[in-house]
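Structure first, then comments.
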Amino acid sequence: MRTRFPARAAGPADRLAGFVAHLRLNGIAAGPAETAAAMQALLAVDAADPNQARLALKTLFARGPEGWQRFDDVFDAYWSAKGAERPAAASTPRAVPRPALWARHLGEPEGGREESGSTPCAADADDGEAEGADGRRLAARAASRGQRRLDPAAMDEAERAAERLARALRDQRSRRRRRARRGILDLRRVARASLARGGEPLDLYHRKRRDRPARLVAILDVSGSMEAYARLFLAFLKGLAGADEATAAFLFHTRLLRVCAALREPDALKAAARLSLLAEGFGGGTRIADCLAAFNTGFAKGLVTRRTVVLILSDGFDGCAPERLAAELARLRRRAGRVFWLDPQAQTEPPAALAAALHHLDARLPAGDVTALAALVRRLERL
Amino acid sequence: MAALRDALGAQGYVASEEVAMALHLAVSLQRPLLLEGEPGVGKTEIARALAAAKGTRLIRLQCYEGLDAAAAIYEWNYQRQLLAIRASGADEAALFSETYLLERPLLEAIRQATAPVLLIDEIDRADEEFEAYLLEVLADYQITVPELGTITATTRPWVIVTSNGTRELSDALRRRCLYCWIDFPDRTRELAILAARAPGLEARLAGQIVAAVQALRREDLEKKPGVAEMLDWAAALAGLGVNDLAADPAAVQSTLVCLLKTRADQAAFPPEVFARIVGKAA
């Protein structure tokens with residue numbers, strides 16, 4: 001049999017299986033079924049013509065606009081051995097372990113984790129002393145930014161606002177109908193039931209549109225520039241996560257972390273310990289676009305549908321290339337029902353990267369303090 | 001593949017290499033084909049051309065939010081059932097029989113004597129639940145009606161699914177389908193399309209039209225003119241007796257409604273700006 005495959009490969013099937021493995025390495029999910037399909041596809045075309053073989057495999061494996069763009073490179077890398085393309089493992093940011101910086105966001109006293117009950121997501125359980133020490137430090141920072149000092153009452157208020165918001169956003173009407181006491185007639189059931197009544201449609205059944213819960217996904221920026229707001233927003237996030245099991249919460253900095261379980265931890269001490277464990281390995285700076293990209297490729301698939309409302313809490317100061325934020329937000333917007341940007345500095349002009357991405361958002365809303373958060377709930381309820 | 005391309009060409013569809021390959025594989029591997037691309041690149045037209053080339057029916061299912069099994073697969077004819085019960089006291093077996101079954105596109109498509117082309121248009125508008133139904137149907141080509149039993153396909157339809165990318169489709173659906181991304185045609189192909197669809201057009205005017213439309217697509221527009229818009233525009237120009245775009249700016253400007261379909265886009269192209277584009281094209 002004459003093949004165009006190099007001698008070191010056992011045969012076309014082997015070589016093709018190798019290609020499928022190469023695709024997997026490049027992030028295209030493919031298994032034995034796909035290898036078989038690829039074999040069939042190559043049999044259906046003139047596989048000796050490289051262009052035809054490429055197009056056939058592209059049709060089979062591209063699966064989406066991104067795959068369509070990337071496929072040619074991936075194909076060349078394998079079949080023409082034009083430099084082995086490494087998967088995107090290099091995109092992991094160089095994380096510097098600096099838990100000390102992170103501790104300020106968590107309100108963790110320097111004493112150690114045993115005393116870390118003052119984590120803002122457990123603000124209601126704060127004991128006076130820890131709150132005092134931490135509060136002073138926070139107040140000093142906040143004052144330098146012209147921010148009000150956050151007292152426990154404000155944190156509670158933020159948490160309650162978040163719970164109201166979660167409830168308001170959750171009830172979205174679905175367009176599908178289900179059985180109900182009132183509503184339009186369910187003719188299928190009426191016809192079926194009338195058989196028992198000698199053909200008289202005596203028993204009437206109805207159906208109506210069912211309420212379908214919307215899922216909330218909150219992504220909170222805890223970078224240096226957001227420090228003054230981190231405690232307030234963490235309380236807000238805890239309120240969101242507490243109101244509904246389905247809500248997903250993320251923190252980001254230079255890396256993205258899922259924190260749902262830690263936020264729902266009822267024991268304040270344990271919650272703080274979990275959050276600070278999660279927080280280890282964080283460095284300074286913000287990489288919003290990178291983190292959104294990580295969210296889009298990693299978590300969005302399972303979490304974000306048309307019935308998802310995504311809240312991003314950030315000031316929009318980004319260390320990544322400005323056009324990337326717009327691209328990632330556009331990607332997120334395609335999946336999500338609604339995307340809101342909650343900005344503590346919404347009264348000022350947005351940074352360039354965010355300004356370029358504004359049209360991918362449903363709204364950029366002010367969220368600097370408790371009053372703004374409460375107003376936000378009213379505003380989102382109306383939307 | 002070349003044969004398929006010629007057959008499509010005979011139907012007035014000038015297929016690019018990618019599209020021809022995708023259709024060829026969809027037909028020979030019997031797998032559904034997912035077409036994505038900007039609105040106006042001719043996704044729906046491909047299904048129509050394929051049906052015409054194969055000489056079979058085109059069964060079309062337009063998707064919308066809230067599309068459910070009753071509208072996509074089958075529905076019982078309740079009114080008729082009730083009437084039958086009243087009139088003759090029909091028994092249950094008779095009531096749930098073919099007589100009272102209303103075929104919707106998916107059921108219709110698997111019960112044809114000759115394999116039809118099933119076009120599932122703009123699937124991104126339907127919700128995720130519908131994708132799940134669809135996967136089930138596309139997996140085995142059979143539909144279960146509880147009262148009637150399982151209906152197996154007599155012939156396998158050629159399935160073409162289109163999406164405008166307004167929402168992300170499920171990975172399961174993507175995995176099941178062959179995929180083809182369709183771009184706006186390049187100059188040569190667009191000229192060929194124009195020649196196929198409007199044979200009477202003068203070569204010079206055709207060249208000007210295609211060049212102007214291609215230039216417009218490079219501009220920052222809300223809605224880029226698609227192939228259909230280009231053909232409309234050509235027809236409008238031919239109808240007005242325009243032979244040279246540069247010669248009669250007023251007439252050309254009045255036909256721009258064929259190409260620019262939002263107020264903002266029209267405002268972005270006052271006569272002098274468009275005259276410059278035409279000038280470059282001519």
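Chain labels run A, B, ... following the order of the structure tokens; each chain numbers its residues from 1, and ligands are numbered from 1 in the order shown.
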Counting only C-alpha atoms, which residues in stretch 110-163 of chain B sit no more than 12 Å from stretch 168-188 of chain B? For each one, give the nearest pair of atoms and the distance in Å, sorted by chain then residue number, as a Markdown table.
| residue | atom | partner | partner_atom | distance |
| --- | --- | --- | --- | --- |
| B:Glu122 | CA | B:Leu169 | CA | 10.9 |
| B:Ile123 | CA | B:Leu169 | CA | 8.3 |
| B:Asp124 | CA | B:Leu169 | CA | 6.7 |
| B:Arg125 | CA | B:Leu169 | CA | 10.0 |
| B:Ala126 | CA | B:Leu169 | CA | 10.0 |
| B:Asp127 | CA | B:Leu169 | CA | 9.5 |
| B:Glu128 | CA | B:Ser170 | CA | 7.6 |
| B:Glu129 | CA | B:Ser170 | CA | 10.4 |
| B:Phe130 | CA | B:Ser170 | CA | 10.9 |
| B:Glu131 | CA | B:Leu173 | CA | 7.2 |
| B:Ala132 | CA | B:Leu173 | CA | 8.4 |
| B:Tyr133 | CA | B:Leu173 | CA | 10.7 |
| B:Leu134 | CA | B:Leu173 | CA | 8.5 |
| B:Leu135 | CA | B:Leu173 | CA | 6.5 |
| B:Glu136 | CA | B:Leu173 | CA | 10.2 |
| B:Val137 | CA | B:Leu173 | CA | 11.5 |
| B:Leu138 | CA | B:Arg176 | CA | 8.3 |
| B:Ala139 | CA | B:Arg176 | CA | 8.2 |
| B:Asp140 | CA | B:Arg176 | CA | 11.8 |
| B:Trp158 | CA | B:Cys177 | CA | 11.6 |
| B:Val159 | CA | B:Cys177 | CA | 9.3 |
| B:Ile160 | CA | B:Cys177 | CA | 9.1 |
| B:Val161 | CA | B:Cys177 | CA | 8.6 |
| B:Thr162 | CA | B:Cys180 | CA | 9.8 |
| B:Ser163 | CA | B:Leu169 | CA | 8.6 |
>> If we count only C-alpha atoms and set the cut-off at 10 Å, which residues sit around stretch 154-156 of chain B, ignoring sequence neighbours fewer than 6 positions away in its own chain? Please answer as a list in words.
In response: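 So, after excluding close chain neighbours, the residues are Gln30, Arg31, Ala109, Ile110, Arg111, Gln112, Ala113, Thr114, Ala115, Pro116, Val117, Leu118, Leu138, Asp140, Tyr141 and Gln142 of chain B.
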>> Near chain A, meaning an atom within 9 Å, which residues of chain B appear when counting only C-alpha atoms? Write them as a ChimeraX atom specification.
In response: /B:1,17-18,21-22,24-25,28-29,33-34,36-37,65-68,75-79,81-87,89-92,127-128,165-171,174-175,177-181
> How far is it from atom CA of A:Ala248 to atom CA of A:Ala300, in Å with one decimal?
Replying inline: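 Distance between the two atoms: 10.7 Å.
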> How many Å separate atom CA of A:Thr247 from atom CA of A:Ala161?
Replying inline: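 Separation between atom CA of A:Thr247 and atom CA of A:Ala161: 15.2 Å.
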> Residues at most 9 Å from A:Arg324, counting only C-alpha atoms, excluding those fewer than 6 positions away in the same chain, as JSON, numbers by chain?
Replying inline: {"A": [289, 290, 293, 353]}
Please write the residues from the selection above to a file, keeping all heavy atoms, as a compact mmCIF listing (two decimals), in the first residue's frame.
# COMPACT_ATOMS: atom_id res chain seq x y z
N ALA A 289 -8.18 40.48 32.03
CA ALA A 289 -8.43 39.76 30.79
C ALA A 289 -7.98 38.30 30.91
O ALA A 289 -8.69 37.40 30.49
CB ALA A 289 -7.74 40.45 29.62
N ASP A 290 -6.80 38.08 31.52
CA ASP A 290 -6.31 36.71 31.70
C ASP A 290 -7.28 35.90 32.54
O ASP A 290 -7.59 34.75 32.23
CB ASP A 290 -4.95 36.72 32.41
CG ASP A 290 -3.82 36.97 31.42
OD1 ASP A 290 -4.11 36.97 30.21
OD2 ASP A 290 -2.69 37.18 31.86
N ALA A 293 -10.36 35.18 30.69
CA ALA A 293 -10.08 34.13 29.71
C ALA A 293 -10.09 32.77 30.40
O ALA A 293 -10.65 31.81 29.88
CB ALA A 293 -8.73 34.39 29.04
N ALA A 353 -9.18 50.24 28.77
CA ALA A 353 -9.54 48.87 28.40
C ALA A 353 -11.04 48.64 28.60
O ALA A 353 -11.72 48.06 27.76
CB ALA A 353 -8.75 47.88 29.25
>> DSSP on the backbone: which residues in stretch 112-272 of chain B end up as strand (DSSP E or B)? Give the answer as a list in words.
In response: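 The residues of stretch 112-272 of chain B classed as strand (DSSP E or B) are Val117, Leu118, Leu119, Ile120, Asp121, Gln142, Ile143, Thr144, Val145, Gly149, Thr150, Ile151, Thr152, Trp158, Val159, Ile160, Val161, Thr162, Ser163, Leu178, Tyr179, Cys180, Trp181 and Ile182 of chain B.
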> Expressed in Å to a single decimal, how great is the separation between atom CA of B:Ala203 and atom CA of B:Ala236?
Replying inline: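 Interatomic distance here is 16.2 Å.
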>> List as a list in words the protein and nucleic acid residues near stretch 361-366 of chain A, meaning an atom at most 8 Å away when only C-alpha atoms are counted, but skip any in the same chain fewer than 6 places from it.
In response: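 Counting only C-alpha atoms, the residues come to Leu329, Arg333, Arg338, Val339, Phe340, Trp341, Leu342, Asp343, Pro344, Gln345, Ala346, Gln347, Ala372, Leu373 and Leu376 of chain A.
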